[in-house]
Amino acid sequence: MGLLLCLFFTPLASPGQAVQATPAQVNSSTYQGSIVKQAPVPGVLPLPLDQAIRMGLQYNLGLVLSGVNAGMAGAQRLQQLQALLPTVNASAKEAVQQTNLQAEGLKIPGFPAVIGPYGYTDIRGSVQWSLLNLSSLDNYLASKHNFQGSRLSIEDARDLVVLTVGNAYLLCIADASRVESAQAQVSTSKVSLDQAVANHQAGTAPLLDELRARVDYQTQQQTLITAQNQYEKDKIALARAIGLPLEQSFSLTDPAPFKPLDDLDPNAGVEQALAHRRDLQALQQQVESARASRSAATAERYPTIAFSGDYGVIGPTLGHSHGTFDVVGTASVPLFEEAKLRGDARDAQAQLEQKQAQLNDLRGQISADVRDSILDIQAAAKQVAVARSNVELATEALSEAQQRYAAGVDDNLAVSQAQASMAQADDQYVSSLYQHNVAKLSLARALGIAQTNYKDYVGGK
(Lines give C-alpha, C1' and ligand atoms only; values in the text may rest on other atoms or scores of the structure.)
Protein backbone atom coordinates (compact mmCIF):
# COMPACT_ATOMS: atom_id res chain seq x y z
CA MET A 1 0.00 0.00 0.00
CA GLY A 2 1.50 3.33 -0.93
CA LEU A 3 0.66 7.04 -1.07
CA LEU A 4 2.30 9.25 -3.67
CA LEU A 5 1.84 13.04 -3.79
CA CYS A 6 3.32 14.76 -6.86
CA LEU A 7 3.26 18.32 -8.19
CA PHE A 8 4.49 18.90 -11.74
CA PHE A 9 5.04 22.33 -13.28
CA THR A 10 4.70 21.33 -16.91
CA PRO A 11 2.66 22.62 -19.86
CA LEU A 12 -0.93 21.40 -20.11
CA ALA A 13 -0.26 19.99 -23.56
CA SER A 14 2.64 19.76 -25.92
CA PRO A 15 2.38 21.27 -29.41
CA GLY A 16 1.65 17.90 -30.89
CA GLN A 17 -1.25 17.43 -28.45
CA ALA A 18 -2.83 20.84 -28.98
CA VAL A 19 -6.41 20.99 -30.23
CA GLN A 20 -6.40 21.91 -33.94
CA ALA A 21 -9.09 24.43 -34.87
CA THR A 22 -10.83 24.09 -38.21
CA PRO A 23 -10.37 27.06 -40.59
CA ALA A 24 -13.57 28.98 -41.30
CA GLN A 25 -15.10 28.47 -44.74
CA VAL A 26 -15.10 31.74 -46.66
CA ASN A 27 -17.09 31.92 -49.90
CA SER A 28 -19.12 34.49 -51.83
CA SER A 29 -22.13 34.19 -49.51
CA THR A 30 -19.92 34.91 -46.48
CA TYR A 31 -19.33 38.43 -47.79
CA GLN A 32 -23.07 39.11 -47.62
CA GLY A 33 -22.91 39.00 -43.81
CA SER A 34 -21.24 41.04 -41.10
CA ILE A 35 -20.80 41.50 -37.38
CA VAL A 36 -22.81 44.33 -35.79
CA LYS A 37 -20.95 46.26 -33.10
CA GLN A 38 -22.54 49.70 -33.25
CA ALA A 39 -25.82 50.95 -31.85
CA PRO A 40 -28.41 52.75 -33.99
CA VAL A 41 -28.29 56.55 -33.98
CA PRO A 42 -31.40 58.76 -33.91
CA GLY A 43 -32.77 60.02 -37.20
CA VAL A 44 -31.72 59.14 -40.73
CA LEU A 45 -28.03 58.37 -41.20
CA PRO A 46 -26.53 59.82 -44.42
CA LEU A 47 -24.44 57.08 -46.01
CA PRO A 48 -21.95 57.96 -48.76
CA LEU A 49 -20.21 55.21 -50.71
CA ASP A 50 -16.89 55.90 -48.96
CA GLN A 51 -18.37 55.36 -45.51
CA ALA A 52 -20.19 52.21 -46.61
CA ILE A 53 -16.93 50.71 -47.87
CA ARG A 54 -15.04 51.73 -44.73
CA MET A 55 -17.68 50.03 -42.61
CA GLY A 56 -17.52 46.94 -44.81
CA LEU A 57 -13.74 46.79 -44.41
CA GLN A 58 -14.25 46.85 -40.65
CA TYR A 59 -17.28 44.65 -40.07
CA ASN A 60 -17.81 42.41 -43.12
CA LEU A 61 -17.92 38.76 -42.12
CA GLY A 62 -15.79 37.54 -45.03
CA LEU A 63 -12.92 39.82 -44.05
CA VAL A 64 -13.29 39.01 -40.34
CA LEU A 65 -13.13 35.26 -41.00
CA SER A 66 -10.15 35.72 -43.33
CA GLY A 67 -8.35 37.45 -40.47
CA VAL A 68 -9.27 34.61 -38.11
CA ASN A 69 -7.90 32.06 -40.59
CA ALA A 70 -4.67 34.04 -40.84
CA GLY A 71 -4.37 33.97 -37.05
CA MET A 72 -4.84 30.20 -37.08
CA ALA A 73 -2.17 29.84 -39.78
CA GLY A 74 0.17 31.89 -37.59
CA ALA A 75 -0.57 29.61 -34.64
CA GLN A 76 0.23 26.52 -36.73
CA ARG A 77 3.49 28.13 -37.82
CA LEU A 78 4.48 28.60 -34.17
CA GLN A 79 3.55 25.00 -33.41
CA GLN A 80 5.80 23.75 -36.20
CA LEU A 81 8.56 26.07 -35.03
CA GLN A 82 8.47 24.52 -31.57
CA ALA A 83 9.47 21.16 -33.10
CA LEU A 84 12.80 22.80 -34.03
CA LEU A 85 13.38 24.46 -30.67
CA PRO A 86 14.37 22.93 -27.33
CA THR A 87 11.57 22.11 -24.93
CA VAL A 88 12.38 22.89 -21.31
CA ASN A 89 10.23 21.75 -18.37
CA ALA A 90 10.52 22.02 -14.60
CA SER A 91 9.01 19.71 -12.00
CA ALA A 92 8.82 19.53 -8.22
CA LYS A 93 7.93 16.21 -6.61
CA GLU A 94 7.23 15.40 -2.99
CA ALA A 95 6.66 11.63 -2.44
CA VAL A 96 5.49 9.83 0.70
CA GLN A 97 5.02 6.03 0.82
CA GLN A 98 4.15 3.28 3.26
CA THR A 99 4.52 -0.35 2.15
CA ASN A 100 2.87 -3.55 3.48
CA LEU A 101 5.46 -6.26 2.83
CA GLN A 102 3.08 -9.10 3.70
CA ALA A 103 0.67 -7.86 1.04
CA GLU A 104 3.54 -8.19 -1.38
CA GLY A 105 4.16 -11.78 -0.25
CA LEU A 106 7.25 -10.99 1.83
CA LYS A 107 7.50 -12.51 5.29
CA ILE A 108 10.93 -11.94 6.79
CA PRO A 109 11.46 -13.11 10.38
CA GLY A 110 12.37 -10.25 12.65
CA PHE A 111 11.51 -7.69 9.98
CA PRO A 112 8.49 -5.38 10.32
CA ALA A 113 5.46 -6.28 8.21
CA VAL A 114 4.84 -2.63 7.40
CA ILE A 115 7.64 -0.20 6.62
CA GLY A 116 7.38 3.54 6.39
CA PRO A 117 6.20 6.09 5.97
CA TYR A 118 9.24 7.21 4.03
CA GLY A 119 9.65 9.68 1.18
CA TYR A 120 11.85 11.96 -0.84
CA THR A 121 11.93 15.39 -2.48
CA ASP A 122 12.89 15.80 -6.14
CA ILE A 123 13.27 19.17 -7.91
CA ARG A 124 14.36 18.84 -11.52
CA GLY A 125 14.63 20.57 -14.87
CA SER A 126 14.58 18.70 -18.19
CA VAL A 127 15.26 19.54 -21.83
CA GLN A 128 14.41 17.77 -25.07
CA TRP A 129 15.80 19.02 -28.39
CA SER A 130 15.61 17.60 -31.87
CA LEU A 131 19.04 18.59 -33.15
CA LEU A 132 18.61 17.28 -36.70
CA ASN A 133 15.21 16.59 -38.25
CA LEU A 134 14.91 17.71 -41.86
CA SER A 135 11.27 16.65 -42.05
CA SER A 136 10.34 19.00 -39.20
CA LEU A 137 12.29 21.80 -40.86
CA ASP A 138 10.40 21.35 -44.13
CA ASN A 139 7.09 21.21 -42.27
CA TYR A 140 7.95 24.52 -40.63
CA LEU A 141 8.74 26.05 -44.03
CA ALA A 142 5.41 24.77 -45.32
CA SER A 143 3.54 26.38 -42.40
CA LYS A 144 5.47 29.60 -42.98
CA HIS A 145 4.33 29.74 -46.62
CA ASN A 146 0.77 28.99 -45.51
CA PHE A 147 0.91 31.90 -43.09
CA GLN A 148 2.20 34.27 -45.76
CA GLY A 149 -0.54 33.06 -48.10
CA SER A 150 -3.21 33.66 -45.47
CA ARG A 151 -1.99 37.23 -44.98
CA LEU A 152 -2.22 37.80 -48.72
CA SER A 153 -5.72 36.32 -48.63
CA ILE A 154 -6.71 39.08 -46.21
CA GLU A 155 -5.69 41.68 -48.80
CA ASP A 156 -7.67 39.82 -51.45
CA ALA A 157 -10.64 39.69 -49.08
CA ARG A 158 -10.51 43.48 -48.79
CA ASP A 159 -10.91 43.74 -52.57
CA LEU A 160 -13.88 41.36 -52.41
CA VAL A 161 -15.46 43.47 -49.67
CA VAL A 162 -15.15 46.58 -51.85
CA LEU A 163 -16.74 44.69 -54.74
CA THR A 164 -19.57 43.34 -52.58
CA VAL A 165 -20.36 46.60 -50.79
CA GLY A 166 -19.95 48.67 -53.95
CA ASN A 167 -22.29 46.39 -55.86
CA ALA A 168 -24.87 46.52 -53.05
CA TYR A 169 -24.64 50.32 -52.90
CA LEU A 170 -25.00 50.69 -56.69
CA LEU A 171 -27.96 48.33 -56.64
CA CYS A 172 -29.68 50.49 -54.04
CA ILE A 173 -29.03 53.57 -56.17
CA ALA A 174 -30.58 51.80 -59.15
CA ASP A 175 -33.56 50.80 -57.00
CA ALA A 176 -34.00 54.41 -55.86
CA SER A 177 -33.98 55.53 -59.50
CA ARG A 178 -36.62 52.92 -60.34
CA VAL A 179 -38.78 54.12 -57.45
CA GLU A 180 -38.44 57.72 -58.65
CA SER A 181 -39.28 56.68 -62.21
CA ALA A 182 -42.27 54.64 -61.02
CA GLN A 183 -43.56 57.60 -58.99
CA ALA A 184 -43.29 59.80 -62.07
CA GLN A 185 -45.16 57.20 -64.10
CA VAL A 186 -47.91 57.07 -61.47
CA SER A 187 -48.26 60.86 -61.61
CA THR A 188 -48.41 60.82 -65.40
CA SER A 189 -50.96 58.02 -65.37
CA LYS A 190 -53.06 59.95 -62.85
CA VAL A 191 -53.14 62.95 -65.17
CA SER A 192 -54.23 60.74 -68.06
CA LEU A 193 -56.87 59.08 -65.86
CA ASP A 194 -58.28 62.42 -64.72
CA GLN A 195 -58.42 63.59 -68.32
CA ALA A 196 -60.17 60.40 -69.47
CA VAL A 197 -62.72 60.65 -66.64
CA ALA A 198 -63.45 64.30 -67.50
CA ASN A 199 -63.84 63.52 -71.21
CA HIS A 200 -66.13 60.59 -70.47
CA GLN A 201 -68.30 62.67 -68.15
CA ALA A 202 -68.44 65.39 -70.82
CA GLY A 203 -69.52 62.80 -73.36
CA THR A 204 -66.54 63.38 -75.62
CA ALA A 205 -64.86 60.04 -74.90
CA PRO A 206 -66.17 56.49 -74.45
CA LEU A 207 -66.06 54.55 -71.18
CA LEU A 208 -63.34 52.38 -72.73
CA ASP A 209 -60.91 55.29 -72.55
CA GLU A 210 -61.59 55.74 -68.83
CA LEU A 211 -61.24 52.02 -68.12
CA ARG A 212 -58.00 51.82 -70.11
CA ALA A 213 -56.59 54.83 -68.24
CA ARG A 214 -57.61 53.35 -64.87
CA VAL A 215 -55.92 50.04 -65.69
CA ASP A 216 -52.76 51.93 -66.66
CA TYR A 217 -52.87 53.92 -63.43
CA GLN A 218 -53.28 50.86 -61.22
CA THR A 219 -50.58 49.00 -63.14
CA GLN A 220 -48.14 51.84 -62.44
CA GLN A 221 -49.17 51.76 -58.77
CA GLN A 222 -48.30 48.05 -58.65
CA THR A 223 -44.96 48.77 -60.30
CA LEU A 224 -44.26 51.46 -57.70
CA ILE A 225 -45.12 49.11 -54.81
CA THR A 226 -42.81 46.42 -56.22
CA ALA A 227 -39.99 48.93 -56.75
CA GLN A 228 -40.31 50.32 -53.22
CA ASN A 229 -40.31 46.82 -51.74
CA GLN A 230 -37.21 45.80 -53.69
CA TYR A 231 -35.47 49.03 -52.68
CA GLU A 232 -36.07 48.37 -48.97
CA LYS A 233 -34.91 44.75 -49.28
CA ASP A 234 -31.72 45.76 -51.07
CA LYS A 235 -31.06 48.38 -48.38
CA ILE A 236 -31.29 45.58 -45.81
CA ALA A 237 -28.77 43.57 -47.82
CA LEU A 238 -26.43 46.59 -47.90
CA ALA A 239 -26.77 47.05 -44.14
CA ARG A 240 -26.00 43.35 -43.61
CA ALA A 241 -22.82 43.63 -45.68
CA ILE A 242 -21.42 46.62 -43.74
CA GLY A 243 -22.47 45.78 -40.17
CA LEU A 244 -25.15 48.48 -39.92
CA PRO A 245 -27.98 47.71 -37.44
CA LEU A 246 -31.08 46.76 -39.42
CA GLU A 247 -33.22 49.11 -37.34
CA GLN A 248 -31.04 52.04 -38.41
CA SER A 249 -32.63 54.32 -41.01
CA PHE A 250 -30.18 55.60 -43.62
CA SER A 251 -30.17 57.37 -46.95
CA LEU A 252 -27.75 57.07 -49.86
CA THR A 253 -25.97 60.32 -50.61
CA ASP A 254 -23.85 59.41 -53.65
CA PRO A 255 -25.43 59.29 -57.12
CA ALA A 256 -24.33 56.96 -59.91
CA PRO A 257 -23.59 59.26 -62.84
CA PHE A 258 -22.41 57.95 -66.18
CA LYS A 259 -18.62 58.22 -66.33
CA PRO A 260 -17.02 56.78 -69.47
CA LEU A 261 -13.94 54.62 -69.10
CA ASP A 262 -11.95 54.66 -72.33
CA ASP A 263 -8.57 53.45 -73.58
CA LEU A 264 -8.91 49.97 -72.09
CA ASP A 265 -6.18 47.60 -73.26
CA PRO A 266 -7.00 43.98 -72.35
CA ASN A 267 -3.40 42.77 -72.62
CA ALA A 268 -2.06 45.57 -70.41
CA GLY A 269 -4.89 44.93 -67.98
CA VAL A 270 -4.03 41.23 -67.73
CA GLU A 271 -0.38 42.05 -67.01
CA GLN A 272 -1.44 44.50 -64.31
CA ALA A 273 -3.81 41.97 -62.77
CA LEU A 274 -1.16 39.23 -62.69
CA ALA A 275 1.11 41.63 -60.81
CA HIS A 276 -1.48 42.87 -58.30
CA ARG A 277 -3.98 40.08 -57.63
CA ARG A 278 -3.47 38.96 -54.04
CA ASP A 279 -5.39 35.73 -54.49
CA LEU A 280 -2.86 34.71 -57.14
CA GLN A 281 0.03 35.55 -54.83
CA ALA A 282 -1.66 33.66 -51.99
CA LEU A 283 -2.06 30.58 -54.17
CA GLN A 284 1.61 30.82 -55.18
CA GLN A 285 2.48 30.65 -51.49
CA GLN A 286 0.24 27.58 -51.16
CA VAL A 287 2.15 25.95 -54.00
CA GLU A 288 5.42 26.64 -52.18
CA SER A 289 3.88 25.23 -49.01
CA ALA A 290 2.86 22.06 -50.85
CA ARG A 291 6.35 21.78 -52.30
CA ALA A 292 7.87 22.05 -48.81
CA SER A 293 5.42 19.41 -47.57
CA ARG A 294 6.56 17.15 -50.40
CA SER A 295 10.16 17.64 -49.28
CA ALA A 296 9.12 16.90 -45.69
CA ALA A 297 7.57 13.61 -46.79
CA THR A 298 10.80 12.68 -48.59
CA ALA A 299 12.88 13.67 -45.55
CA GLU A 300 11.03 11.17 -43.36
CA ARG A 301 13.54 8.61 -44.70
CA TYR A 302 16.52 10.54 -43.34
CA PRO A 303 18.13 9.91 -39.92
CA THR A 304 17.21 12.16 -37.00
CA ILE A 305 19.35 13.17 -34.05
CA ALA A 306 17.82 14.18 -30.73
CA PHE A 307 19.10 15.17 -27.32
CA SER A 308 17.41 14.90 -23.93
CA GLY A 309 18.62 15.45 -20.43
CA ASP A 310 17.65 16.54 -16.96
CA TYR A 311 19.32 17.89 -13.85
CA GLY A 312 17.94 18.23 -10.33
CA VAL A 313 18.37 17.58 -6.66
CA ILE A 314 16.83 14.62 -4.83
CA GLY A 315 16.95 13.46 -1.22
CA PRO A 316 14.89 12.66 1.90
CA THR A 317 14.46 16.42 2.38
CA LEU A 318 15.49 19.46 0.44
CA GLY A 319 18.23 20.17 2.98
CA HIS A 320 19.62 16.63 2.61
CA SER A 321 19.55 16.34 -1.14
CA HIS A 322 22.17 15.76 -3.79
CA GLY A 323 22.38 16.73 -7.45
CA THR A 324 21.73 14.11 -10.14
CA PHE A 325 21.56 14.35 -13.90
CA ASP A 326 20.77 12.30 -16.97
CA VAL A 327 21.97 12.96 -20.52
CA VAL A 328 20.81 10.96 -23.56
CA GLY A 329 21.71 11.40 -27.24
CA THR A 330 19.62 9.51 -29.77
CA ALA A 331 20.15 8.82 -33.46
CA SER A 332 17.36 7.00 -35.27
CA VAL A 333 16.65 5.99 -38.85
CA PRO A 334 13.54 4.26 -40.24
CA LEU A 335 14.32 0.72 -41.39
CA PHE A 336 10.98 -0.79 -42.34
CA GLU A 337 8.26 1.81 -42.93
CA GLU A 338 8.15 1.62 -46.71
CA ALA A 339 4.36 1.59 -47.05
CA LYS A 340 3.93 4.65 -44.83
CA LEU A 341 6.82 6.55 -46.40
CA ARG A 342 5.59 5.92 -49.93
CA GLY A 343 2.03 6.78 -48.95
CA ASP A 344 3.09 10.07 -47.37
CA ALA A 345 5.19 10.98 -50.42
CA ARG A 346 2.42 10.20 -52.89
CA ASP A 347 -0.13 12.12 -50.86
CA ALA A 348 2.15 15.17 -50.68
CA GLN A 349 2.89 14.93 -54.41
CA ALA A 350 -0.83 14.80 -55.20
CA GLN A 351 -1.46 17.91 -53.12
CA LEU A 352 1.39 19.70 -54.87
CA GLU A 353 0.02 18.81 -58.31
CA GLN A 354 -3.45 19.96 -57.22
CA LYS A 355 -2.16 23.37 -56.12
CA GLN A 356 -0.12 23.76 -59.31
CA ALA A 357 -3.19 22.99 -61.42
CA GLN A 358 -5.27 25.52 -59.43
CA LEU A 359 -2.55 28.14 -59.88
CA ASN A 360 -2.48 27.58 -63.63
CA ASP A 361 -6.26 27.79 -63.78
CA LEU A 362 -6.36 30.98 -61.70
CA ARG A 363 -3.99 32.72 -64.10
CA GLY A 364 -6.39 31.89 -66.92
CA GLN A 365 -9.38 32.96 -64.85
CA ILE A 366 -7.76 36.32 -64.07
CA SER A 367 -7.19 36.91 -67.77
CA ALA A 368 -10.82 36.01 -68.47
CA ASP A 369 -12.06 38.28 -65.64
CA VAL A 370 -10.21 41.28 -67.05
CA ARG A 371 -11.32 40.68 -70.62
CA ASP A 372 -14.93 39.98 -69.59
CA SER A 373 -15.08 43.18 -67.52
CA ILE A 374 -13.74 45.28 -70.39
CA LEU A 375 -16.29 43.79 -72.78
CA ASP A 376 -19.06 44.44 -70.25
CA ILE A 377 -17.95 48.05 -69.84
CA GLN A 378 -17.91 48.66 -73.58
CA ALA A 379 -21.29 46.99 -74.12
CA ALA A 380 -22.89 48.78 -71.15
CA ALA A 381 -21.58 52.16 -72.36
CA LYS A 382 -23.34 51.60 -75.70
CA GLN A 383 -26.48 50.48 -73.87
CA VAL A 384 -26.44 53.67 -71.78
CA ALA A 385 -26.26 55.80 -74.92
CA VAL A 386 -29.10 53.90 -76.62
CA ALA A 387 -31.22 53.90 -73.44
CA ARG A 388 -30.76 57.65 -72.98
CA SER A 389 -31.91 58.21 -76.56
CA ASN A 390 -34.88 55.91 -75.98
CA VAL A 391 -35.91 57.94 -72.92
CA GLU A 392 -35.83 61.15 -74.94
CA LEU A 393 -37.84 59.61 -77.77
CA ALA A 394 -40.37 58.01 -75.39
CA THR A 395 -40.81 61.33 -73.58
CA GLU A 396 -41.49 63.11 -76.86
CA ALA A 397 -43.88 60.36 -78.01
CA LEU A 398 -45.83 60.54 -74.73
CA SER A 399 -46.14 64.30 -74.98
CA GLU A 400 -47.36 64.04 -78.57
CA ALA A 401 -49.94 61.35 -77.67
CA GLN A 402 -51.22 63.39 -74.72
CA GLN A 403 -51.62 66.48 -76.90
CA ARG A 404 -53.47 64.54 -79.58
CA TYR A 405 -55.82 63.03 -77.01
CA ALA A 406 -56.44 66.40 -75.36
CA ALA A 407 -57.30 67.86 -78.76
CA GLY A 408 -59.73 65.02 -79.44
CA VAL A 409 -57.80 63.88 -82.51
CA ASP A 410 -57.20 60.36 -81.15
CA ASP A 411 -58.29 58.10 -78.30
CA ASN A 412 -56.08 57.35 -75.29
CA LEU A 413 -54.77 54.03 -76.62
CA ALA A 414 -51.78 55.88 -78.00
CA VAL A 415 -51.29 57.53 -74.59
CA SER A 416 -51.41 54.12 -72.88
CA GLN A 417 -48.86 52.68 -75.29
CA ALA A 418 -46.62 55.72 -74.95
CA GLN A 419 -46.71 55.46 -71.14
CA ALA A 420 -45.71 51.79 -71.32
CA SER A 421 -42.83 52.67 -73.67
CA MET A 422 -41.75 55.46 -71.34
CA ALA A 423 -41.70 53.13 -68.34
CA GLN A 424 -39.71 50.53 -70.27
CA ALA A 425 -37.21 53.13 -71.50
CA ASP A 426 -36.67 54.46 -67.97
CA ASP A 427 -36.10 50.96 -66.61
CA GLN A 428 -33.65 50.12 -69.41
CA TYR A 429 -31.72 53.32 -68.76
CA VAL A 430 -31.46 52.62 -65.03
CA SER A 431 -30.40 49.00 -65.69
CA SER A 432 -27.76 49.94 -68.26
CA LEU A 433 -26.30 52.61 -65.96
CA TYR A 434 -26.13 50.09 -63.10
CA GLN A 435 -24.52 47.47 -65.35
CA HIS A 436 -21.92 49.99 -66.54
CA ASN A 437 -20.91 50.99 -63.02
CA VAL A 438 -20.81 47.39 -61.78
CA ALA A 439 -18.69 46.39 -64.79
CA LYS A 440 -16.19 49.14 -63.93
CA LEU A 441 -16.09 48.02 -60.30
CA SER A 442 -15.63 44.42 -61.45
CA LEU A 443 -12.70 45.52 -63.61
CA ALA A 444 -11.09 47.17 -60.57
CA ARG A 445 -11.49 43.87 -58.71
CA ALA A 446 -10.15 41.89 -61.67
CA LEU A 447 -7.07 44.15 -61.73
CA GLY A 448 -6.56 43.69 -57.98
CA ILE A 449 -6.89 47.41 -57.19
CA ALA A 450 -10.51 47.68 -56.01
CA GLN A 451 -9.59 48.69 -52.47
CA THR A 452 -7.20 51.48 -53.47
CA ASN A 453 -8.62 52.74 -56.78
CA TYR A 454 -12.38 52.15 -56.72
CA LYS A 455 -13.06 55.90 -56.86
CA ASP A 456 -11.40 56.08 -60.26
CA TYR A 457 -13.98 53.59 -61.54
CA VAL A 458 -17.28 54.33 -59.76
CA GLY A 459 -16.70 57.69 -58.11
CA GLY A 460 -17.91 58.53 -54.64
CA LYS A 461 -17.43 61.57 -52.45
# chains A, B, ... in the order shown; residues from 1 in each chain; ligands from 1
>>> residues_around(residues="region 273-287 of chain A", least_positions_apart="3", cutoff="7 Å", atoms="only C-alpha atoms", output="list of chain:residue names")
A:His145, A:Asn146, A:Gln148, A:Gly149, A:Ser150, A:Leu152, A:Ser153, A:Glu155, A:Asp156, A:Gly269, A:Val270, A:Ala290, A:Arg291, A:Leu352, A:Lys355, A:Gln356, A:Leu359, A:Leu362, A:Ala446, A:Leu447, A:Gly448
>>> residues_around(residues="region 84-86 of chain A", least_positions_apart="4", cutoff="7 Å", atoms="only C-alpha atoms", output="PyMOL selection string")
chain A and resi 127-130+136-137
>>> write_last_selection(atoms="N, CA, C and O atoms", output="tab-separated table (two decimals), in the first residue's frame")
chain	number	residue	atom	x	y	z
A	127	VAL	N	15.22	18.93	-20.49
A	127	VAL	CA	15.26	19.54	-21.83
A	127	VAL	C	15.22	18.43	-22.86
A	127	VAL	O	15.85	17.37	-22.68
A	128	GLN	N	14.43	18.65	-23.91
A	128	GLN	CA	14.41	17.77	-25.07
A	128	GLN	C	14.62	18.65	-26.31
A	128	GLN	O	13.99	19.70	-26.46
A	129	TRP	N	15.47	18.20	-27.21
A	129	TRP	CA	15.80	19.02	-28.39
A	129	TRP	C	16.09	18.10	-29.56
A	129	TRP	O	16.93	17.21	-29.48
A	130	SER	N	15.35	18.34	-30.65
A	130	SER	CA	15.61	17.60	-31.87
A	130	SER	C	16.69	18.36	-32.64
A	130	SER	O	16.42	19.37	-33.30
A	136	SER	N	10.94	17.93	-40.00
A	136	SER	CA	10.34	19.00	-39.20
A	136	SER	C	10.68	20.37	-39.76
A	136	SER	O	9.86	21.29	-39.75
A	137	LEU	N	11.90	20.53	-40.27
A	137	LEU	CA	12.29	21.80	-40.86
A	137	LEU	C	11.44	22.12	-42.09
A	137	LEU	O	10.96	23.25	-42.26
>>> residues_around(residues="Lys382 (chain A)", least_positions_apart="2", cutoff="12 Å", atoms="only C-alpha atoms", output="MDAnalysis selection string")
chainID A and resid 258 260:261 375:380 384:389 429 432:433 435:436
>>> closest_atom_pairs(of="region 145-179 of chain A", to="region 219-239 of chain A", cutoff="9 Å", atoms="only C-alpha atoms", output="CSV")
residue,atom,partner,partner_atom,distance
A:Thr164,CA,A:Leu238,CA,8.9
A:Val165,CA,A:Leu238,CA,6.7
A:Asn167,CA,A:Leu238,CA,9.0
A:Ala168,CA,A:Leu238,CA,5.4
A:Tyr169,CA,A:Leu238,CA,6.5
A:Leu171,CA,A:Asp234,CA,7.2
A:Cys172,CA,A:Asp234,CA,5.9
A:Ile173,CA,A:Tyr231,CA,8.6
A:Ala174,CA,A:Tyr231,CA,8.6
A:Asp175,CA,A:Tyr231,CA,5.0
A:Ala176,CA,A:Tyr231,CA,6.4
A:Arg178,CA,A:Ala227,CA,6.3
A:Val179,CA,A:Ala227,CA,5.4
>>> closest_residue(among="A:Gly408, A:Pro112, A:Pro23, A:Gly33", to="Gly67 (chain A)", atoms="only C-alpha atoms")
A:Pro23
>>> atom_distance(atom1="CA of Gly43 (chain A)", atom2="CA of Gly243 (chain A)")
17.8 Å
>>> residues_around(residues="Glu338 (chain A)", least_positions_apart="5", cutoff="10 Å", atoms="only C-alpha atoms", output="ChimeraX atom specification")
/A:301,343-344
>>> atom_distance(atom1="CA of Glu400 (chain A)", atom2="CA of Gln417 (chain A)")
11.9 Å
>>> closest_residue(among="A:Asn267, A:Thr99, A:Gln383, A:Gln218", to="Gly116 (chain A)", atoms="only C-alpha atoms")
A:Thr99
>>> closest_residue(among="A:Glu337, A:Glu180, A:Glu210, A:Asp456", to="Asp411 (chain A)", atoms="only C-alpha atoms")
A:Glu210
>>> select_by_dssp(residues="region 197-404 of chain A", states="alpha helix (DSSP H)", output="ChimeraX atom specification")
/A:197-202,207-242,266-276,278-299,338-404
